[in-house]
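**Student:** Below is entry03.tsv; it holds TSV, C-alpha atoms.
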```
chain	number	residue	atom	x	y	z
A	1	MET	CA	34.34	-31.59	13.72
A	2	GLY	CA	30.61	-30.87	13.46
A	3	LEU	CA	29.02	-27.47	13.41
A	4	SER	CA	27.04	-26.20	16.34
A	5	LYS	CA	23.37	-25.27	16.06
A	6	GLU	CA	24.17	-21.55	16.10
A	7	GLU	CA	26.69	-21.91	13.26
A	8	LYS	CA	24.18	-23.93	11.22
A	9	SER	CA	21.46	-21.33	11.79
A	10	VAL	CA	23.88	-18.55	10.79
A	11	ARG	CA	24.72	-20.40	7.57
A	12	VAL	CA	21.07	-21.04	6.76
A	13	LEU	CA	20.27	-17.38	7.41
A	14	ARG	CA	23.15	-16.36	5.16
A	15	VAL	CA	21.86	-18.61	2.38
A	16	PHE	CA	18.36	-17.11	2.68
A	17	LYS	CA	19.79	-13.57	2.58
A	18	THR	CA	21.80	-14.44	-0.53
A	19	LEU	CA	18.75	-15.96	-2.24
A	20	PHE	CA	16.63	-12.95	-1.29
A	21	PHE	CA	19.27	-10.61	-2.75
A	22	LEU	CA	19.48	-12.61	-5.99
A	23	ILE	CA	15.70	-12.74	-6.39
A	24	THR	CA	15.42	-8.98	-5.74
A	25	LEU	CA	18.19	-8.36	-8.26
A	26	LEU	CA	16.44	-10.54	-10.84
A	27	ILE	CA	13.08	-8.79	-10.32
A	28	SER	CA	14.66	-5.34	-10.69
A	29	PHE	CA	16.48	-6.52	-13.81
A	30	LEU	CA	13.20	-7.76	-15.29
A	31	LEU	CA	11.43	-4.50	-14.46
A	32	PHE	CA	14.11	-2.13	-15.75
A	33	SER	CA	15.29	-4.26	-18.70
A	34	ALA	CA	11.89	-4.94	-20.23
A	35	PRO	CA	12.91	-3.49	-23.66
A	36	ILE	CA	15.87	-5.87	-23.83
A	37	LEU	CA	13.78	-8.87	-22.74
A	38	VAL	CA	11.08	-8.14	-25.33
A	39	ALA	CA	13.74	-7.74	-28.03
A	40	ILE	CA	15.32	-11.09	-27.08
A	41	ALA	CA	11.91	-12.78	-27.16
A	42	ASP	CA	11.11	-11.12	-30.49
A	43	THR	CA	14.39	-12.45	-31.90
A	44	LEU	CA	14.17	-16.03	-30.62
A	45	LEU	CA	10.46	-16.97	-30.54
A	46	PRO	CA	9.55	-16.50	-34.24
A	47	ILE	CA	12.64	-18.34	-35.48
A	48	SER	CA	11.98	-21.12	-32.95
A	49	LEU	CA	8.38	-21.50	-34.09
A	50	LEU	CA	9.40	-21.57	-37.74
A	51	SER	CA	12.16	-24.11	-37.13
A	52	SER	CA	9.73	-26.38	-35.31
A	53	PHE	CA	7.86	-27.24	-38.50
A	54	SER	CA	9.61	-26.02	-41.66
A	55	PHE	CA	12.99	-24.43	-41.06
A	56	SER	CA	16.44	-25.98	-40.99
A	57	PHE	CA	19.86	-24.43	-41.34
A	58	GLN	CA	20.66	-26.80	-44.22
A	59	SER	CA	17.71	-25.43	-46.20
A	60	LEU	CA	18.29	-21.75	-45.39
A	61	SER	CA	19.42	-20.95	-48.92
A	62	SER	CA	16.41	-22.77	-50.37
A	63	HIS	CA	14.07	-20.56	-48.33
A	64	PHE	CA	15.48	-17.49	-50.10
A	65	THR	CA	15.83	-19.16	-53.50
A	66	ASN	CA	12.23	-20.38	-53.54
A	67	TYR	CA	10.81	-17.34	-51.77
A	68	ASP	CA	7.16	-16.58	-52.50
A	69	PHE	CA	5.38	-13.82	-50.61
A	70	ARG	CA	2.12	-15.81	-50.57
A	71	HIS	CA	3.59	-18.99	-49.08
A	72	SER	CA	7.11	-18.49	-47.68
A	73	LEU	CA	7.40	-17.62	-44.00
A	74	ILE	CA	11.13	-16.91	-43.67
A	75	ASP	CA	10.43	-13.16	-43.80
A	76	ILE	CA	8.39	-13.24	-40.56
A	77	PRO	CA	11.37	-13.97	-38.24
A	78	LEU	CA	13.55	-11.66	-40.34
A	79	ILE	CA	11.05	-8.85	-39.77
A	80	SER	CA	11.12	-9.57	-36.02
A	81	ILE	CA	14.94	-9.64	-35.89
A	82	THR	CA	15.25	-6.40	-37.86
A	83	ARG	CA	12.58	-4.71	-35.73
A	84	SER	CA	14.28	-5.75	-32.49
A	85	ALA	CA	17.74	-4.72	-33.72
A	86	VAL	CA	16.57	-1.21	-34.67
A	87	ILE	CA	14.66	-0.72	-31.40
A	88	ILE	CA	17.54	-1.92	-29.20
A	89	CYS	CA	20.04	0.27	-31.07
A	90	VAL	CA	17.88	3.35	-30.48
A	91	TYR	CA	17.24	2.35	-26.85
A	92	SER	CA	20.97	1.90	-26.14
A	93	PHE	CA	21.81	5.39	-27.46
A	94	CYS	CA	19.05	7.19	-25.54
A	95	ASP	CA	19.44	8.80	-22.12
A	96	GLY	CA	16.68	9.76	-19.69
A	97	PRO	CA	15.17	12.74	-21.58
A	98	ARG	CA	15.31	10.91	-24.91
A	99	LEU	CA	13.65	7.88	-23.36
A	100	SER	CA	10.89	10.05	-21.91
A	101	ARG	CA	9.92	12.16	-24.94
A	102	GLY	CA	12.53	11.36	-27.56
A	103	PRO	CA	13.19	9.01	-30.44
A	104	TYR	CA	12.86	5.72	-28.53
A	105	LEU	CA	9.07	5.72	-28.31
A	106	GLY	CA	8.70	7.19	-31.80
A	107	VAL	CA	11.04	4.72	-33.53
A	108	THR	CA	9.51	1.79	-31.63
A	109	THR	CA	6.00	2.83	-32.66
A	110	ILE	CA	6.98	3.29	-36.31
A	111	CYS	CA	8.82	-0.05	-36.52
A	112	SER	CA	6.01	-1.91	-34.78
A	113	VAL	CA	3.22	-0.35	-36.87
A	114	LEU	CA	5.06	-1.02	-40.15
A	115	SER	CA	5.72	-4.62	-39.17
A	116	LEU	CA	2.10	-5.03	-38.06
A	117	ILE	CA	0.90	-3.84	-41.47
A	118	TYR	CA	3.32	-6.12	-43.30
A	119	VAL	CA	2.53	-9.24	-41.24
A	120	SER	CA	-1.23	-8.61	-41.38
A	121	PHE	CA	-1.09	-8.12	-45.15
A	122	LYS	CA	0.94	-11.30	-45.57
A	123	ALA	CA	-1.46	-13.26	-43.33
A	124	SER	CA	-4.34	-12.33	-45.64
A	125	PHE	CA	-2.52	-14.16	-48.47
A	126	VAL	CA	-1.22	-17.11	-46.47
A	127	PHE	CA	-4.61	-17.95	-44.94
A	128	SER	CA	-6.84	-16.87	-47.82
A	129	GLY	CA	-7.39	-20.31	-49.38
A	130	ASN	CA	-9.09	-23.41	-48.05
A	131	TYR	CA	-6.73	-25.59	-46.10
A	132	VAL	CA	-6.80	-28.56	-43.79
A	133	TYR	CA	-6.18	-27.64	-40.18
A	134	ASN	CA	-3.17	-29.62	-38.95
A	135	TYR	CA	-0.05	-29.19	-36.84
A	136	GLU	CA	1.79	-27.19	-39.50
A	137	LYS	CA	-1.07	-24.77	-39.98
A	138	ALA	CA	-1.44	-24.38	-36.23
A	139	MET	CA	2.24	-23.47	-35.97
A	140	GLU	CA	1.88	-21.00	-38.84
A	141	ILE	CA	-0.97	-19.29	-37.00
A	142	ALA	CA	1.14	-19.26	-33.83
A	143	LEU	CA	4.02	-17.68	-35.78
A	144	PHE	CA	1.84	-14.83	-37.05
A	145	VAL	CA	0.16	-14.29	-33.67
A	146	CYS	CA	3.57	-14.28	-31.95
A	147	SER	CA	4.97	-11.68	-34.37
A	148	LEU	CA	1.90	-9.46	-34.03
A	149	GLY	CA	1.81	-9.80	-30.24
A	150	LEU	CA	5.49	-8.95	-29.83
A	151	ALA	CA	5.09	-5.90	-32.08
A	152	ILE	CA	2.38	-4.64	-29.75
A	153	GLY	CA	4.55	-5.63	-26.78
A	154	HIS	CA	7.35	-3.39	-28.04
A	155	VAL	CA	5.00	-0.38	-28.09
A	156	VAL	CA	3.58	-1.14	-24.63
A	157	VAL	CA	7.05	-1.52	-23.10
A	158	ALA	CA	8.29	1.65	-24.83
A	159	TYR	CA	5.29	3.62	-23.55
A	160	ARG	CA	5.76	2.36	-19.98
A	161	THR	CA	9.49	3.13	-20.15
A	162	SER	CA	8.70	6.61	-21.41
A	163	CYS	CA	6.23	7.20	-18.55
A	164	ARG	CA	8.74	5.93	-15.98
A	165	GLU	CA	11.48	8.23	-17.28
A	166	ARG	CA	9.09	11.22	-17.27
A	167	ARG	CA	8.25	10.54	-13.63
A	168	LYS	CA	11.94	10.32	-12.77
A	169	LEU	CA	12.66	13.62	-14.52
A	170	LEU	CA	9.71	15.26	-12.76
A	171	VAL	CA	10.96	14.15	-9.34
A	172	TYR	CA	14.47	15.29	-10.24
A	173	ARG	CA	13.18	18.72	-11.31
A	174	ILE	CA	11.18	19.07	-8.07
A	175	ASP	CA	14.27	18.22	-6.04
A	176	ILE	CA	16.37	20.78	-7.91
A	177	GLU	CA	13.70	23.46	-7.41
A	178	ALA	CA	13.50	22.62	-3.70
A	179	VAL	CA	17.26	22.94	-3.29
A	180	SER	CA	17.26	26.24	-5.19
A	181	ALA	CA	14.45	27.58	-2.98
A	182	CYS	CA	16.38	26.70	0.16
A	183	LYS	CA	19.51	28.40	-1.15
A	184	ASN	CA	17.59	31.58	-1.98
A	185	GLY	CA	15.89	31.67	1.39
A	186	PHE	CA	12.17	32.24	1.88
A	187	PRO	CA	11.24	35.51	0.11
A	188	GLY	CA	7.80	35.63	1.72
A	189	TYR	CA	9.27	36.23	5.19
A	190	LYS	CA	11.24	39.32	6.27
A	191	LYS	CA	14.55	38.53	7.89
A	192	ILE	CA	14.71	39.89	11.50
A	193	THR	CA	17.85	41.89	12.25
A	194	LYS	CA	19.83	41.77	15.49
A	195	GLU	CA	18.67	45.27	16.53
A	196	GLU	CA	15.00	44.31	16.10
A	197	ARG	CA	15.49	41.25	18.26
A	198	VAL	CA	17.07	43.41	21.01
A	199	LYS	CA	14.20	45.93	20.90
A	200	SER	CA	11.64	43.18	21.19
```
Render the structure in this file as structure tokens.
**Tutor:**
Amino acid sequence: MGLSKEEKSVRVLRVFKTLFFLITLLISFLLFSAPILVAIADTLLPISLLSSFSFSFQSLSSHFTNYDFRHSLIDIPLISITRSAVIICVYSFCDGPRLSRGPYLGVTTICSVLSLIYVSFKASFVFSGNYVYNYEKAMEIALFVCSLGLAIGHVVVAYRTSCRERRKLLVYRIDIEAVSACKNGFPGYKKITKEERVKS
């Protein structure tokens, strides 16, 4: 038995409402979970770039055995993973006030600045000599740029999160003060008694 036009239109409208709800939910998740998204990207992107030209799980031990600060790149994704792990741990243990002016922004800034110094110092050794520009070198440059960019991204997201939490706390404080003022009455106006109303 076929559906009538009204039933079909109701179903189509229901599908559009569901899609609209899911898209809105996804957008709000992206906006309010930016620290988590940046940490996931910081964990996956560097290791993906490294694996695309020189890394394999079979040779993981060889990367550490033959490690050389001037040439090995295994420490770049390890720095990103460690940085993300520390930042997410601090973020997960912070509430509103601590996110606004507490350890989250400070720890994120310290971790990002230290990693920026380390990666920049390492890049000066890796790219100091003359080399032929090829696919591998292009991916090495992309690896360093990705690590540096995500370090800055952590700081930007932490600062924006801090500003958002400060605004929320400010609005909350204004609401509390407004409720307290209403409970205490309006001290600037004298309350008229029943006798005064009768006389007037």
**Student:** Name the closest residue to Leu99 of chain A among the candidates A:Ile79, A:Val113, A:Ile87, A:Leu44; distances are taken between atoms, counting all atoms listed in the file.
**Tutor:**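 Answer, going by the shortest atom-to-atom distance: A:Ile87.
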**Student:** Nearest residue to Ser52 of chain A out of A:Ala85, A:Leu105, A:Leu13, A:Ala142, using all atoms listed in the file?
**Tutor:** A:Ala142
**Student:** So the first atom is atom CA of Pro46 of chain A and the second is atom CA of Glu140 of chain A; what is the distance between them in Å, to one decimal place?
**Tutor:**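 Taking atom CA of Pro46 of chain A and atom CA of Glu140 of chain A, their separation equals 10.0 Å.
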**Student:** Considering all atoms listed in the file, return as a list in words whatever protein or nucleic-acid residues lie within 9 Å of Pro103 of chain A, sequence-local ones (same chain, fewer than 6 positions apart) excluded.
**Tutor:** Val90, Tyr91 and Cys94 of chain A
**Student:** Give me, please, the distance in Å between atom CA of Leu49 of chain A and atom CA of Phe125 of chain A, quoted to one decimal.
**Tutor:**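 Computed distance, atom CA of Leu49 of chain A to atom CA of Phe125 of chain A, equals 19.5 Å.
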**Student:** Using all atoms listed in the file and a cutoff of 8 Å, can you tell me which residues are near (6.6, -15.9, -31.1) in the file's coordinates, and write them out as a compact mmCIF listing (two decimals) with C-alpha atoms, keeping the file's coordinate frame?
**Tutor:**
```
# COMPACT_ATOMS: atom_id res chain seq x y z
CA ALA A 41 11.91 -12.78 -27.16
CA ASP A 42 11.11 -11.12 -30.49
CA LEU A 44 14.17 -16.03 -30.62
CA LEU A 45 10.46 -16.97 -30.54
CA PRO A 46 9.55 -16.50 -34.24
CA ILE A 47 12.64 -18.34 -35.48
CA SER A 48 11.98 -21.12 -32.95
CA LEU A 49 8.38 -21.50 -34.09
CA ALA A 142 1.14 -19.26 -33.83
CA LEU A 143 4.02 -17.68 -35.78
CA PHE A 144 1.84 -14.83 -37.05
CA VAL A 145 0.16 -14.29 -33.67
CA CYS A 146 3.57 -14.28 -31.95
CA SER A 147 4.97 -11.68 -34.37
CA GLY A 149 1.81 -9.80 -30.24
CA LEU A 150 5.49 -8.95 -29.83
```
**Student:** Between atom CA of Ile110 of chain A and atom CA of Ser51 of chain A, measure the distance and give it in Å to one decimal.
**Tutor:**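 Spanning atom CA of Ile110 of chain A to atom CA of Ser51 of chain A is a straight-line distance of 27.9 Å.
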**Student:** From the set A:Ile88, A:Val157, A:Ile36, A:Ala151, which residue has the shortest atom-to-atom contact distance to Val119 of chain A, counting only C-alpha atoms?
**Tutor:**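 Looking only at the distances to Val119 of chain A, the closest residue turns out to be A:Ala151.
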**Student:** Point out the residue among A:Tyr159, A:Leu148, A:Thr109, A:Asn66 with the least atom-to-atom distance to Phe121 of chain A, counting only C-alpha atoms.
**Tutor:** A:Leu148
**Student:** Name the closest residue to Asp95 of chain A among the candidates A:Ser162, A:Lys17, A:Leu50, A:Leu170; distances are taken between atoms, counting only C-alpha atoms.
**Tutor:**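 Residue with the minimum atom-to-atom distance to Asp95 of chain A: A:Ser162.
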**Student:** Ranking A:Ser120, A:Arg70, A:Ala39, A:Leu114 by minimum distance to Cys89 of chain A and counting all atoms listed in the file, which one comes first?
**Tutor:** A:Ala39
